[in-house]
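Here is the structure we will look at.
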Amino acid sequence: MIGVFHPGRSLLHRAPALLKLGLLAAFVTAVALQGSLMALAVASVLVMVLFLIAWLPLRLVWQQVVPILWLLAFAVPVQVVFGGWEAAAMMAVRLVLAVALAALYTLTTPVSATLDAMQALLRPFRRWIDADRVGLTLALTIRCVPLLAEIVREVLEARKARGAEGSIAALAVPVIVRALQTAEHLGDALTARGFDD
Amino acid sequence: MSSAHSTSTSDSDATTAVPTPVPRRPRSTARDLAQIAVFAALIAALGLPGALSIGGAAVPITFQTLGVMLAGAILGARKGVLAVLLLIVLVAAGLPLLSGGRGGLSVFVGPSVGYLLGWLLGAAVIGWATARLLPRYPIAPALGWTALGGIVAIYLVGIPVFSVVTGTPIGAAALASTVFLPGDVFKVVVTVLVAKGVHRAWPGLIEPRSWPWARRSVAAESTGTA
């Protein structure tokens with residue numbers, strides 16, 4: 001579970017996550033409200049410069065931007081029909097810029113740094129949200145993803161061995177029951193380690 | 001089976017946390033927390049490449065919405081929503097947990113973010129209704145309510161957001177989303193069948209409640225046992 005993050009030593013990698021988050025939010029808002037193609041062109045150059053500073057492998061950047069291109073393949077023709085060429089171009093550039101910059105954030109920021117930043121952002125709400133519990137649950141979930149993937153795989157194989165491949169219930173019910181058993185064990189383990197009482 | 005235990009521990013909470021007293025707020029027990037984490041992980045695991053595929057590879061059907069519906073139908077509204085929320089937070093933090101290995105903040109500035117947020121509403125609706133359908137959990141109403149949460153609620157958030165972000169007319173956005181409808185109907189059926197089986201095998205996951213339009217005496221009875 002390394003995430004999308006790609007390690008590096010650039011200025012963008014070293015900048016604090018909260019600062020980057022703030023700048024990202026400001027940029028995305030500005031691009032969304034921007035009405036002229038000229039301003040969007042300037043923004044595009046800016047984003048390109050930022051990518052050059054970060055110096056990431058092209059393959060990773062491409063992976064992040066491809067999903068939005070698929071959506072644009074649908075949305076641009078529709079927009080051309082209903083709104084004309086200019087509106088379609090603006091929409092496409094806006095979206096690609098926002099997605100590219102958000103991807104840049106994710107590629108240059110480790111997951112732990114983002115989680116810490118979120119925890120800092122949650123601080124004003126500590127009357128309602130217990131940051132320690134949230135942190136513990138997040139960590140538990142990260143640990144559980146490979147565990148659950150393994151459960152799904154095992155049940156798939158068991159199903160194949162029984163020749164019940166057609167039945168989706170033969171897959172889903174055992175997966176859920178085993179997931180609940182796992183949760184039971186985890187809960188016992190947490191209680192045994194002094195969680196909550 | 002666990003309700004007596006959980007209420008007995010709730011009064012010792014005050015020693016561990018916040019100085020401001022938050023009385024009578026249902027705090028998650030260790031088991032609740034583990035269930036939330038496990039279901040968030042299950043939704044993620046259902047989106048892993050090669051985890052599941054039905055039929056050919058012509059239409060990539062993701063099973064993550066199945067995970068979302070199951071979270072609501074198995075854990076109930078509160079825990080189900082928290083499980084989905086947990087997954088969304090981890091995605092935002094940069095883990096590639098959405099189907100196709102998507103993750104990171106780029107998901108949240110893209111046009112399909114509405115569907116992701118719709119998952120929260122969907123899990124809430126399904127969980128709310130499931131608590132009222134139990135303990136009998138009749139199939140026909142369960143199908144209706146699960147479709148309302150797992151399809152209508154999710155599309156209700158997803159389609160307008162898609163329309164606004166891409167600037168396409170809402171009708172076109174709605175039309176495009178019908179591509180996913182057959183898969184989603186299938187997932188609703190699976191969710192109900194699975195929920196029926198699991199609630200029979202593992203009772204007590206969701207505390208049954210009465211419909212808001214049910215008679216008062218029934219409501220008083222069910223809160224008395226809580």
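So you can find residues: chains in the structure tokens are A, B, ... in the order shown, residues in each start at 1, and ligands are numbered from 1 in order.
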Near Ile68 in chain A, within 8 Å and counting only C-alpha atoms, which residues show up once chain neighbours fewer than 3 positions away are dropped, as a PDB file with all heavy atoms, in the first residue's frame?
ATOM      1  N   VAL A  65      -3.967  11.020 -15.544  1.00  0.00           N
ATOM      2  CA  VAL A  65      -4.787  11.898 -16.381  1.00  0.00           C
ATOM      3  C   VAL A  65      -5.705  11.101 -17.312  1.00  0.00           C
ATOM      4  O   VAL A  65      -6.729  11.609 -17.760  1.00  0.00           O
ATOM      5  CB  VAL A  65      -3.878  12.877 -17.159  1.00  0.00           C
ATOM      6  CG1 VAL A  65      -4.698  13.856 -17.981  1.00  0.00           C
ATOM      7  CG2 VAL A  65      -2.990  13.650 -16.187  1.00  0.00           C
ATOM      8  N   LEU A  71     -13.588  10.384 -20.012  1.00  0.00           N
ATOM      9  CA  LEU A  71     -14.822  11.119 -19.781  1.00  0.00           C
ATOM     10  C   LEU A  71     -14.982  12.243 -20.790  1.00  0.00           C
ATOM     11  O   LEU A  71     -16.082  12.512 -21.272  1.00  0.00           O
ATOM     12  CB  LEU A  71     -14.816  11.693 -18.361  1.00  0.00           C
ATOM     13  CG  LEU A  71     -15.226  10.691 -17.308  1.00  0.00           C
ATOM     14  CD1 LEU A  71     -14.852  11.169 -15.935  1.00  0.00           C
ATOM     15  CD2 LEU A  71     -16.733  10.484 -17.400  1.00  0.00           C
ATOM     16  N   LEU A  72     -13.866  12.886 -21.121  1.00  0.00           N
ATOM     17  CA  LEU A  72     -13.940  13.991 -22.073  1.00  0.00           C
ATOM     18  C   LEU A  72     -14.334  13.490 -23.455  1.00  0.00           C
ATOM     19  O   LEU A  72     -15.011  14.184 -24.203  1.00  0.00           O
ATOM     20  CB  LEU A  72     -12.598  14.724 -22.134  1.00  0.00           C
ATOM     21  CG  LEU A  72     -12.303  15.588 -20.910  1.00  0.00           C
ATOM     22  CD1 LEU A  72     -10.933  16.222 -21.021  1.00  0.00           C
ATOM     23  CD2 LEU A  72     -13.364  16.653 -20.748  1.00  0.00           C
ATOM     24  N   LEU A  95     -11.056  21.108 -16.897  1.00  0.00           N
ATOM     25  CA  LEU A  95     -11.059  19.821 -16.224  1.00  0.00           C
ATOM     26  C   LEU A  95      -9.673  19.194 -16.220  1.00  0.00           C
ATOM     27  O   LEU A  95      -9.198  18.703 -15.190  1.00  0.00           O
ATOM     28  CB  LEU A  95     -12.034  18.877 -16.926  1.00  0.00           C
ATOM     29  CG  LEU A  95     -13.425  18.831 -16.330  1.00  0.00           C
ATOM     30  CD1 LEU A  95     -14.290  17.872 -17.100  1.00  0.00           C
ATOM     31  CD2 LEU A  95     -13.315  18.379 -14.878  1.00  0.00           C
ATOM     32  N   VAL A  96      -9.011  19.232 -17.371  1.00  0.00           N
ATOM     33  CA  VAL A  96      -7.689  18.608 -17.440  1.00  0.00           C
ATOM     34  C   VAL A  96      -6.732  19.324 -16.491  1.00  0.00           C
ATOM     35  O   VAL A  96      -5.941  18.686 -15.790  1.00  0.00           O
ATOM     36  CB  VAL A  96      -7.158  18.620 -18.889  1.00  0.00           C
ATOM     37  CG1 VAL A  96      -5.703  18.193 -18.926  1.00  0.00           C
ATOM     38  CG2 VAL A  96      -8.001  17.718 -19.768  1.00  0.00           C
ATOM     39  N   VAL A  99      -7.593  18.367 -12.835  1.00  0.00           N
ATOM     40  CA  VAL A  99      -7.213  16.980 -12.558  1.00  0.00           C
ATOM     41  C   VAL A  99      -5.688  16.840 -12.529  1.00  0.00           C
ATOM     42  O   VAL A  99      -5.130  16.174 -11.655  1.00  0.00           O
ATOM     43  CB  VAL A  99      -7.835  16.038 -13.609  1.00  0.00           C
ATOM     44  CG1 VAL A  99      -7.211  14.663 -13.535  1.00  0.00           C
ATOM     45  CG2 VAL A  99      -9.334  15.948 -13.402  1.00  0.00           C
TER      46      VAL A  99
ATOM     47  N   GLY B 110     -12.666  15.756 -10.537  1.00  0.00           N
ATOM     48  CA  GLY B 110     -13.194  15.206 -11.780  1.00  0.00           C
ATOM     49  C   GLY B 110     -14.713  15.158 -11.768  1.00  0.00           C
ATOM     50  O   GLY B 110     -15.342  15.358 -10.727  1.00  0.00           O
TER      51      GLY B 110
END
### Message
Based on only C-alpha atoms, which of the residues in chain B come within 7 Å of chain A? I want them as a PyMOL selection string.
### Response
chain B and resi 9+12-13+30-31+33-35+37-38+40-42+44-45+51+86+93-96+104-106+109-110+166-168+190+194+197-198
### Message
With DSSP run on the backbone, what are the alpha helix (DSSP H) residues within range 94-210 of chain B? I'd like them as a ChimeraX atom specification.
### Response
/B:106-109,113-133,139-147,154-166,170-177,181-201
### Message
What's around range 139-150 of chain B at 9 Å? Count only C-alpha atoms, leave out sequence neighbours fewer than 6 positions away in its own chain, and write the answer as an MDAnalysis selection string.
### Response
chainID B and resid 65:66 68:69 73 118:119 121:127 129:130 133 184:185 187:189 191:193 196
Generate a file of the selected residues that holds N, CA and C atoms, formatted as a PDB file, in the first residue's frame.
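Saved to again35.pdb:
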ATOM      1  N   THR B  65     -19.667  -0.607  -6.034  1.00  0.00           N
ATOM      2  CA  THR B  65     -20.985  -0.183  -5.554  1.00  0.00           C
ATOM      3  C   THR B  65     -21.694  -1.325  -4.837  1.00  0.00           C
ATOM      4  N   LEU B  66     -21.394  -2.577  -5.215  1.00  0.00           N
ATOM      5  CA  LEU B  66     -21.929  -3.705  -4.463  1.00  0.00           C
ATOM      6  C   LEU B  66     -21.441  -3.623  -3.015  1.00  0.00           C
ATOM      7  N   VAL B  68     -20.621  -0.943  -1.431  1.00  0.00           N
ATOM      8  CA  VAL B  68     -21.298   0.176  -0.781  1.00  0.00           C
ATOM      9  C   VAL B  68     -22.693  -0.237  -0.319  1.00  0.00           C
ATOM     10  N   MET B  69     -23.433  -0.908  -1.234  1.00  0.00           N
ATOM     11  CA  MET B  69     -24.783  -1.345  -0.862  1.00  0.00           C
ATOM     12  C   MET B  69     -24.723  -2.334   0.294  1.00  0.00           C
ATOM     13  N   ALA B  73     -26.496  -2.411   3.941  1.00  0.00           N
ATOM     14  CA  ALA B  73     -27.458  -3.474   4.222  1.00  0.00           C
ATOM     15  C   ALA B  73     -26.983  -4.403   5.332  1.00  0.00           C
ATOM     16  N   GLY B 118     -22.402  10.316  -3.700  1.00  0.00           N
ATOM     17  CA  GLY B 118     -23.691   9.639  -3.681  1.00  0.00           C
ATOM     18  C   GLY B 118     -23.636   8.328  -2.924  1.00  0.00           C
ATOM     19  N   TRP B 119     -22.472   7.708  -2.898  1.00  0.00           N
ATOM     20  CA  TRP B 119     -22.318   6.456  -2.130  1.00  0.00           C
ATOM     21  C   TRP B 119     -22.725   6.659  -0.677  1.00  0.00           C
ATOM     22  N   LEU B 121     -24.906   8.826   0.589  1.00  0.00           N
ATOM     23  CA  LEU B 121     -26.359   8.879   0.673  1.00  0.00           C
ATOM     24  C   LEU B 121     -26.957   7.494   0.447  1.00  0.00           C
ATOM     25  N   GLY B 122     -26.404   6.764  -0.528  1.00  0.00           N
ATOM     26  CA  GLY B 122     -26.919   5.434  -0.837  1.00  0.00           C
ATOM     27  C   GLY B 122     -26.806   4.501   0.359  1.00  0.00           C
ATOM     28  N   ALA B 123     -25.645   4.469   0.985  1.00  0.00           N
ATOM     29  CA  ALA B 123     -25.446   3.601   2.145  1.00  0.00           C
ATOM     30  C   ALA B 123     -26.378   4.016   3.274  1.00  0.00           C
ATOM     31  N   ALA B 124     -26.596   5.327   3.423  1.00  0.00           N
ATOM     32  CA  ALA B 124     -27.481   5.814   4.483  1.00  0.00           C
ATOM     33  C   ALA B 124     -28.913   5.338   4.251  1.00  0.00           C
ATOM     34  N   VAL B 125     -29.396   5.490   3.019  1.00  0.00           N
ATOM     35  CA  VAL B 125     -30.778   5.101   2.716  1.00  0.00           C
ATOM     36  C   VAL B 125     -30.958   3.600   2.925  1.00  0.00           C
ATOM     37  N   ILE B 126     -30.016   2.818   2.390  1.00  0.00           N
ATOM     38  CA  ILE B 126     -30.142   1.361   2.508  1.00  0.00           C
ATOM     39  C   ILE B 126     -30.086   0.936   3.973  1.00  0.00           C
ATOM     40  N   GLY B 127     -29.155   1.509   4.711  1.00  0.00           N
ATOM     41  CA  GLY B 127     -29.013   1.150   6.118  1.00  0.00           C
ATOM     42  C   GLY B 127     -30.252   1.506   6.918  1.00  0.00           C
ATOM     43  N   ALA B 129     -33.320   1.874   5.823  1.00  0.00           N
ATOM     44  CA  ALA B 129     -34.451   1.021   5.469  1.00  0.00           C
ATOM     45  C   ALA B 129     -34.252  -0.401   5.995  1.00  0.00           C
ATOM     46  N   THR B 130     -33.007  -0.894   5.950  1.00  0.00           N
ATOM     47  CA  THR B 130     -32.757  -2.270   6.388  1.00  0.00           C
ATOM     48  C   THR B 130     -33.098  -2.446   7.864  1.00  0.00           C
ATOM     49  N   LEU B 133     -36.689  -2.995   7.904  1.00  0.00           N
ATOM     50  CA  LEU B 133     -37.157  -4.226   7.257  1.00  0.00           C
ATOM     51  C   LEU B 133     -36.868  -5.438   8.133  1.00  0.00           C
ATOM     52  N   ASP B 184     -26.083  -2.209 -12.089  1.00  0.00           N
ATOM     53  CA  ASP B 184     -26.517  -1.772 -10.772  1.00  0.00           C
ATOM     54  C   ASP B 184     -27.760  -2.533 -10.307  1.00  0.00           C
ATOM     55  N   VAL B 185     -28.643  -2.828 -11.236  1.00  0.00           N
ATOM     56  CA  VAL B 185     -29.822  -3.636 -10.880  1.00  0.00           C
ATOM     57  C   VAL B 185     -29.376  -5.009 -10.386  1.00  0.00           C
ATOM     58  N   LYS B 187     -26.573  -5.718  -9.013  1.00  0.00           N
ATOM     59  CA  LYS B 187     -25.954  -5.581  -7.688  1.00  0.00           C
ATOM     60  C   LYS B 187     -26.988  -5.430  -6.590  1.00  0.00           C
ATOM     61  N   VAL B 188     -28.099  -4.757  -6.912  1.00  0.00           N
ATOM     62  CA  VAL B 188     -29.173  -4.614  -5.922  1.00  0.00           C
ATOM     63  C   VAL B 188     -29.717  -5.986  -5.542  1.00  0.00           C
ATOM     64  N   VAL B 189     -29.959  -6.821  -6.570  1.00  0.00           N
ATOM     65  CA  VAL B 189     -30.490  -8.168  -6.313  1.00  0.00           C
ATOM     66  C   VAL B 189     -29.509  -8.957  -5.454  1.00  0.00           C
ATOM     67  N   THR B 191     -27.229  -7.802  -3.438  1.00  0.00           N
ATOM     68  CA  THR B 191     -27.190  -7.237  -2.088  1.00  0.00           C
ATOM     69  C   THR B 191     -28.317  -7.785  -1.226  1.00  0.00           C
ATOM     70  N   VAL B 192     -29.530  -7.801  -1.785  1.00  0.00           N
ATOM     71  CA  VAL B 192     -30.680  -8.248  -0.996  1.00  0.00           C
ATOM     72  C   VAL B 192     -30.553  -9.735  -0.649  1.00  0.00           C
ATOM     73  N   LEU B 193     -30.167 -10.556  -1.641  1.00  0.00           N
ATOM     74  CA  LEU B 193     -30.027 -11.992  -1.366  1.00  0.00           C
ATOM     75  C   LEU B 193     -28.954 -12.231  -0.300  1.00  0.00           C
ATOM     76  N   LYS B 196     -30.101 -10.996   3.154  1.00  0.00           N
ATOM     77  CA  LYS B 196     -31.052 -11.947   3.731  1.00  0.00           C
ATOM     78  C   LYS B 196     -30.296 -13.127   4.370  1.00  0.00           C
TER      79      LYS B 196
END
